[in-house]
Every structure is written in structure tokens, then in C-alpha cells.
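See below for the structure under consideration.
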Amino acid sequence: MRRAGEGASGGSRLGAEAVIKVDNLSFRYLGSEDYALKDITLEVKRGDFVVLAGRSGCGKTTLLRCLNGLIPNFYEGDFSGRVLVCGMDTRETPPHILSQKAGMVFQNPDNQLFALSVEADVAFPLENLGLPREVILERVEWALKLLGIEDLRDRSPFELSGGQKQKVAIASILAMKPDVLLLDEPTSSLDPASAKSLIDSIVELNRREGLTIIISEHRLELLLPHASRLMVMDRGRIVYDSDPRSVLEGGDLLAYGIALPRASEVARYVNLRGGCLRFEKIPLSVDEFVERVRGFIA
Ligand SMILES: Nc1ncnc2c1ncn2[C@@H]1O[C@H](COP(=O)(O)OP(=O)(O)O)[C@@H](O)[C@H]1O
Ligand SMILES: [Mg+2]
């Protein structure tokens with residue numbers, strides 16, 4: 001397995017165009033003693049699906065803020081190194097341009113919704129861009145459909161469930177046709193069923209639309225079978241960056257405060273016991289686990 005730093009592209013797809021390029025990025029918030037990010041170098045290619053994991057306070061949110069230019073444009077501190085989004089340096093590009101390229105969905109959807117109807121919320125950023133009315137209607141329709149929330153169009157965002165609100169927040173960003181979608185623990189306030197539905201939608205965006213996704217998330221089991229990369233952070237550094245199975249097989253995730261998906265944990269335990277049952281590949285989900293066990297029995 002490739003540990004972070006042994007190659008800039010991690011488990012990334014070879015030959016694809018780099019949407020994000022980070023070189024030797026360090027950042028310290030104004031008034032803090034410690035650097036929140038320490039010498040981060042990475043590249044994200046078009047179509048990548050990156051899961052960002054690590055214990056609370058390791059720097060996930062700070063890294064995402066750097067990728068859409070909130071840092072250094074809105075947060076003060078010591079910034080060094082370079083972040084390029086679609087080839088544009090975040091220090092030199094106006095934030096409203098960057099936010100169209102790298103759209104960010106936050107933990108709490110209430111901070112992103114404000115209009116009287118779902119449709120108006122999704123249309124708002126497009127109206128701000130001054131796009132023609134037909135284009136706006138077409139984009140809103142497209143985004144609502146991708147998230148499967150066309151039936152919510154006339155509802156007030158404030159009467160929706162947390163999961164529905166989060167889908168509206170994603171739709172309003174998608175409507176801007178970003179090159180990369182950044183999501184910061186989008187399921188943290190959702191119940192398990194809503195979280196699964198949201199993650200299914202995110203997986204579909206990557207699969208069907210080829211959208212580049214970077215998501216920080218605790219619910220690894222739902223994401224890892226679909227992710228192209230698992231990036232693990234610890235105290236401001238990236239400690240693993242490779243395809244999820246390699247990280248699960250070769251890495252020590254517990255040391256970094258990350259719980260393995262249950263199916264992976266049980267399979268590793270079975271392998272350690274050294275009986276006749278052996279998993280050649282560690283399963284990433286219960287479905288994969290069951291499939292493998294069925295294979296043993298057949
Ligand atoms: N706005 C801020 N001002 C000062 N320090 C911050 C701010 N946001 C985060 N930090 C600090 O930066 C470090 C990384 O935090 P964060 O990026 O939020 O981690 P994570 O998202 O992985 O929980 C932590 O030590 C945290 O206290
Ligand atoms: Mg965070």
C-alpha cells in the first residue's frame with residue numbers, strides 16, 4: 001500500500017486531468033499555536049471519489065475549506081504552499097468563482113437554506129450568476145431530478161426532514177455545475193436511514209455523472225465500496241492515501257481513531273485465526289462479506 005507522500009496521486013486514476021492540486025500546504029488559524037494543516041501535498045483527478053477520514057480535530061474541515069478557497073480568503077492565519085482548483089490559484093481567484101468550481105456542502109444544512117421554496121433555493125445561486133431564465137429552469141429541474149427530490153419543489157425548506165434539507169443543499173450546489181463537490185460530514189445530523197439515502201445519492205452522482213467528490217465522513221461502511229480513495233488524516237497530516245481496500249488491509253486505522261466497517265473487522269479477525277476460512281480480499285461492506293461467505297459455502 002502506498003502511504004501518503006510516496007506519490008502525489010494516491011489511488012487516483014492515471015491519465016485523468018487534475019481537478020485539484022495541493023502543494024506543500026500548511027495553515028495555522030490566527031491566534032492558534034499549532035498548525036491545523038502541515039505540509040499537505042495531494043492531487044485529485046476528475047472522476048475521483050475521495051473519502052476523508054480521521055479523528056475529530058485532525059484537520060478535515062480545514063482541508064476542505066482550503067479546497068474551496070474559504071481559507072485563505074475568509075479565515076485569517078498563516079497560509080503557505082499552494083492550492084490549485086481547475087488550475088486556478090485559490091489565493092488569486094475571487095471566492096465566488098472558486099465556489100462555482102468547488103461547491104461545498106456543510107454539516108448543518110440549515111445554514112445553507114433560506115428561501116421560501118425548495119425551487120427558489122436551488123435557483124438562487126444561478127440568479128446571482130445572472131443566467132438566462134430558461135437555463136435556470138433547466139438546471140433546477142436537472143439538479144432536483146438527480147437528487148430525486150422533484151416532488152419537494154414547492155415545499156418550504158424549513159418543513160423538510162434533515163435528510164431532505166441536505167439533498168436540497170446539494171441540489172443548489174449541483175445546479176452551478178461544479179467540477180468538484182466537497183461535503184463536510186453531510187450525514188452527521190441524520191438518522192441512519194436518511195444517511196443511507198443521502199449517501200446513495202452521492203454515490204450515484206459519482207457513478208452516473210462522473211462528478212468528482214471529496215467527502216469527510218464517519219459512516220465508512222456505506223461509502224468505501226464506492227470510493228476510489230481513502231485518505232486518512234492525523235494531526236494535520238495525511239497518513240494514508242490509497243484505494244480503500246489497500247488502506248484497510250495494510251493500514252492501522254484504529255490507531256487514527258477510525259472504526260473499521262464491521263464486515264472488514266470480522267473478516268480480518270477470521271484471517272488472523274488462520275482456519276480454513278480465509279478472505280483473500282477484505283470485504284468493505286456487509287454485502288461483500290455475505291457474497292464471499294456464500295462463495296465458501298457453495
Ligand atoms: N475557525 C477556527 N479557528 C481556530 N481554530 C480552528 C478553527 N477551526 C478549526 N480549528 C482548529 O483546527 C484544528 C483542525 O480542526 P478541523 O479542521 O475542524 O478538524 P476536523 O474537521 O477533522 O474535526 C483543530 O485543532 C481545531 O481546533
Ligand atoms: Mg470537521
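Here, A, B, ... name the chains of the C-alpha cells in the order displayed, residue numbers run from 1 inside each chain, and ligands are numbered from 1 in the same displayed order.
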As a PyMOL selection string, please: the residues near range 27-42 of chain A (cut-off 10 Å, only C-alpha atoms, same-chain neighbours under 2 positions excluded). chain A and resi 4-5+7-10+20-25+44+57-63+66+71-72+75-83+233-238+241
Could you name the residues that touch Ser172 in chain A at 10 Å or less, counting only C-alpha atoms, but leaving out those on the same chain fewer than 4 positions away, as a PyMOL selection string? chain A and resi 103+105+112-113+118-126+139-140+143-144+166-168+176-177
Find the residues near range 211-227 of chain A: any atom within 6 Å, counting only C-alpha atoms, skip ones fewer than 2 places away on the same chain, and give them as a tab-separated table (two decimals) with all heavy atoms, in the first residue's frame.
chain	number	residue	atom	x	y	z
A	46	ARG	N	-10.13	14.15	-12.10
A	46	ARG	CA	-11.54	14.18	-12.48
A	46	ARG	C	-12.16	12.79	-12.35
A	46	ARG	O	-11.57	11.81	-12.80
A	46	ARG	CB	-11.67	14.70	-13.91
A	46	ARG	CG	-13.08	15.13	-14.26
A	46	ARG	CD	-13.14	15.90	-15.56
A	46	ARG	NE	-12.50	17.23	-15.47
A	46	ARG	CZ	-13.03	18.30	-14.89
A	46	ARG	NH1	-14.22	18.23	-14.34
A	46	ARG	NH2	-12.39	19.45	-14.86
A	47	GLY	N	-13.27	12.71	-11.68
A	47	GLY	CA	-13.96	11.42	-11.52
A	47	GLY	C	-13.58	10.69	-10.23
A	47	GLY	O	-14.21	9.70	-9.88
A	48	ASP	N	-12.59	11.19	-9.51
A	48	ASP	CA	-12.20	10.56	-8.24
A	48	ASP	C	-13.34	10.66	-7.22
A	48	ASP	O	-14.13	11.61	-7.24
A	48	ASP	CB	-10.98	11.30	-7.63
A	48	ASP	CG	-9.68	10.58	-7.95
A	48	ASP	OD1	-9.72	9.48	-8.51
A	48	ASP	OD2	-8.61	11.15	-7.63
A	49	PHE	N	-13.35	9.70	-6.32
A	49	PHE	CA	-14.31	9.71	-5.21
A	49	PHE	C	-13.47	9.49	-3.95
A	49	PHE	O	-13.06	8.38	-3.64
A	49	PHE	CB	-15.32	8.57	-5.41
A	49	PHE	CG	-16.49	8.58	-4.48
A	49	PHE	CD1	-17.68	8.00	-4.88
A	49	PHE	CD2	-16.43	9.15	-3.22
A	49	PHE	CE1	-18.80	7.99	-4.05
A	49	PHE	CE2	-17.53	9.16	-2.39
A	49	PHE	CZ	-18.71	8.58	-2.80
A	50	VAL	N	-13.19	10.59	-3.26
A	50	VAL	CA	-12.24	10.56	-2.14
A	50	VAL	C	-12.99	10.64	-0.81
A	50	VAL	O	-13.80	11.55	-0.60
A	50	VAL	CB	-11.26	11.76	-2.22
A	50	VAL	CG1	-10.25	11.70	-1.08
A	50	VAL	CG2	-10.56	11.80	-3.57
A	51	VAL	N	-12.72	9.69	0.06
A	51	VAL	CA	-13.29	9.74	1.41
A	51	VAL	C	-12.18	10.19	2.36
A	51	VAL	O	-11.09	9.62	2.38
A	51	VAL	CB	-13.82	8.37	1.85
A	51	VAL	CG1	-14.30	8.42	3.30
A	51	VAL	CG2	-14.97	7.94	0.94
A	52	LEU	N	-12.49	11.23	3.14
A	52	LEU	CA	-11.53	11.83	4.05
A	52	LEU	C	-11.94	11.40	5.46
A	52	LEU	O	-13.07	11.63	5.87
A	52	LEU	CB	-11.67	13.34	3.90
A	52	LEU	CG	-10.61	14.29	4.36
A	52	LEU	CD1	-9.28	13.93	3.75
A	52	LEU	CD2	-11.02	15.71	3.93
A	53	ALA	N	-11.01	10.73	6.16
A	53	ALA	CA	-11.36	10.24	7.50
A	53	ALA	C	-10.27	10.60	8.49
A	53	ALA	O	-9.14	10.93	8.12
A	53	ALA	CB	-11.55	8.72	7.44
A	180	VAL	N	-16.03	19.95	-8.83
A	180	VAL	CA	-15.84	19.04	-7.69
A	180	VAL	C	-16.83	19.39	-6.59
A	180	VAL	O	-17.11	20.57	-6.34
A	180	VAL	CB	-14.36	19.05	-7.19
A	180	VAL	CG1	-13.86	20.44	-6.93
A	180	VAL	CG2	-14.20	18.20	-5.94
A	181	LEU	N	-17.38	18.35	-5.98
A	181	LEU	CA	-18.32	18.54	-4.88
A	181	LEU	C	-17.61	18.17	-3.58
A	181	LEU	O	-17.08	17.06	-3.44
A	181	LEU	CB	-19.54	17.62	-5.09
A	181	LEU	CG	-20.67	17.71	-4.08
A	181	LEU	CD1	-21.33	19.09	-4.12
A	181	LEU	CD2	-21.73	16.64	-4.37
A	182	LEU	N	-17.57	19.14	-2.64
A	182	LEU	CA	-16.93	18.91	-1.34
A	182	LEU	C	-18.03	18.76	-0.31
A	182	LEU	O	-18.94	19.59	-0.25
A	182	LEU	CB	-16.05	20.11	-0.97
A	182	LEU	CG	-15.06	20.61	-2.02
A	182	LEU	CD1	-14.44	21.94	-1.57
A	182	LEU	CD2	-13.97	19.57	-2.25
A	183	LEU	N	-17.97	17.70	0.49
A	183	LEU	CA	-19.01	17.51	1.51
A	183	LEU	C	-18.34	17.28	2.85
A	183	LEU	O	-17.49	16.40	3.00
A	183	LEU	CB	-19.88	16.30	1.17
A	183	LEU	CG	-20.60	16.36	-0.19
A	183	LEU	CD1	-20.06	15.28	-1.11
A	183	LEU	CD2	-22.09	16.20	-0.04
A	184	ASP	N	-18.74	18.11	3.85
A	184	ASP	CA	-18.12	18.03	5.16
A	184	ASP	C	-19.07	17.34	6.14
A	184	ASP	O	-20.00	17.96	6.64
A	184	ASP	CB	-17.77	19.43	5.66
A	184	ASP	CG	-16.88	19.38	6.88
A	184	ASP	OD1	-16.42	18.27	7.25
A	184	ASP	OD2	-16.64	20.44	7.49
A	185	GLU	N	-18.86	16.07	6.37
A	185	GLU	CA	-19.71	15.26	7.25
A	185	GLU	C	-21.20	15.55	7.03
A	185	GLU	O	-21.90	15.94	7.97
A	185	GLU	CB	-19.31	15.48	8.72
A	185	GLU	CG	-17.88	15.06	8.97
A	185	GLU	CD	-17.53	14.95	10.45
A	185	GLU	OE1	-18.44	14.69	11.26
A	185	GLU	OE2	-16.36	15.10	10.78
A	205	LEU	N	-24.14	10.25	-8.03
A	205	LEU	CA	-23.59	11.43	-8.71
A	205	LEU	C	-22.21	11.13	-9.27
A	205	LEU	O	-21.85	11.58	-10.35
A	205	LEU	CB	-23.48	12.61	-7.74
A	205	LEU	CG	-24.79	13.25	-7.31
A	205	LEU	CD1	-24.55	14.30	-6.24
A	205	LEU	CD2	-25.49	13.86	-8.51
A	206	ASN	N	-21.45	10.36	-8.52
A	206	ASN	CA	-20.11	9.99	-8.99
A	206	ASN	C	-20.21	8.97	-10.12
A	206	ASN	O	-19.57	9.10	-11.16
A	206	ASN	CB	-19.28	9.44	-7.83
A	206	ASN	CG	-17.92	8.94	-8.29
A	206	ASN	OD1	-17.74	7.74	-8.47
A	206	ASN	ND2	-16.99	9.83	-8.53
A	209	GLU	N	-22.84	10.57	-13.20
A	209	GLU	CA	-22.45	11.86	-13.79
A	209	GLU	C	-20.93	12.01	-13.84
A	209	GLU	O	-20.43	12.99	-14.38
A	209	GLU	CB	-23.04	13.01	-12.97
A	209	GLU	CG	-24.55	12.97	-12.83
A	209	GLU	CD	-25.26	13.18	-14.16
A	209	GLU	OE1	-24.87	14.08	-14.90
A	209	GLU	OE2	-26.20	12.41	-14.45
A	229	ARG	N	-10.69	6.38	-3.37
A	229	ARG	CA	-9.58	6.64	-2.44
A	229	ARG	C	-10.07	6.84	-1.02
A	229	ARG	O	-11.10	7.46	-0.81
A	229	ARG	CB	-8.85	7.94	-2.83
A	229	ARG	CG	-7.99	7.78	-4.04
A	229	ARG	CD	-7.66	9.12	-4.62
A	229	ARG	NE	-6.64	9.85	-3.90
A	229	ARG	CZ	-6.17	11.01	-4.33
A	229	ARG	NH1	-6.61	11.55	-5.44
A	229	ARG	NH2	-5.23	11.62	-3.64
A	261	PRO	N	-15.24	-0.73	9.11
A	261	PRO	CA	-16.57	-1.28	8.91
A	261	PRO	C	-16.63	-2.66	9.58
A	261	PRO	O	-15.63	-3.39	9.56
A	261	PRO	CB	-16.68	-1.40	7.38
A	261	PRO	CG	-15.69	-0.42	6.85
A	261	PRO	CD	-14.58	-0.36	7.86
A	284	LEU	N	-15.43	-4.75	2.16
A	284	LEU	CA	-15.62	-3.37	2.62
A	284	LEU	C	-17.03	-3.15	3.17
A	284	LEU	O	-17.29	-2.14	3.81
A	284	LEU	CB	-15.38	-2.40	1.46
A	284	LEU	CG	-13.99	-2.44	0.82
A	284	LEU	CD1	-13.92	-1.47	-0.35
A	284	LEU	CD2	-12.93	-2.08	1.85
A	285	SER	N	-17.93	-4.08	2.88
A	285	SER	CA	-19.32	-3.89	3.32
A	285	SER	C	-19.91	-5.24	3.68
A	285	SER	O	-19.35	-6.29	3.35
A	285	SER	CB	-20.14	-3.28	2.19
A	285	SER	OG	-20.23	-4.21	1.13
Out of A:Thr90, A:Ser117, A:Ser188, A:Asn73, which residue has the shortest atom-to-atom distance to ligand 2 when counting only C-alpha atoms and all ligand atoms? A:Ser188
Pick from A:Phe114, A:Tyr269, A:Phe296, A:Tyr256: nearest to ligand 1, with only C-alpha atoms and all ligand atoms counted? A:Tyr256
With distances taken over only C-alpha atoms, which of A:Glu138, A:Lys45, A:Leu64, A:Arg133 is nearest to Ser228 in chain A? A:Lys45
Using only C-alpha atoms, find the one residue out of A:Asp243, A:Glu288, A:Asp179, A:Glu280 that sits nearest to Ala263 in chain A.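 Checking each of A:Asp243, A:Glu288, A:Asp179, A:Glu280 against Ala263 in chain A, counting only C-alpha atoms, the winner is A:Glu288.
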Pick from A:Ala115, A:Val135, A:Ile258, A:Met231 nearest to Glu43 in chain A, counting only C-alpha atoms: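 Counting only C-alpha atoms, the residue closest to Glu43 in chain A is A:Met231.
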Identify, with DSSP run on backbone atoms, the residues in range 49-241 of chain A assigned to helix (DSSP H, G or I), and express the list as number ranges by chain. A: 60-67, 70-73, 95-101, 109-111, 118-128, 133-146, 150-152, 157-159, 162-174, 192-209, 220-226
Who sits within 10 Å of Val247 in chain A, only C-alpha atoms, same chain under 3 positions skipped, as a VMD selection string: chain A and resid 1 to 3 229 to 232 240 to 244 250 to 253
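Using only C-alpha atoms, the shortest contact distance between Asn108 in chain A and any of A:Thr93, A:Ser189, A:Asn271, A:Ser194 is found at A:Ser189.
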Going by DSSP on the backbone, which residues of range 80-298 of chain A come out as strand (DSSP E or B)? List them as a PyMOL selection string. chain A and resi 80-85+88-89+102-105+180-184+212-216+229-234+237-242
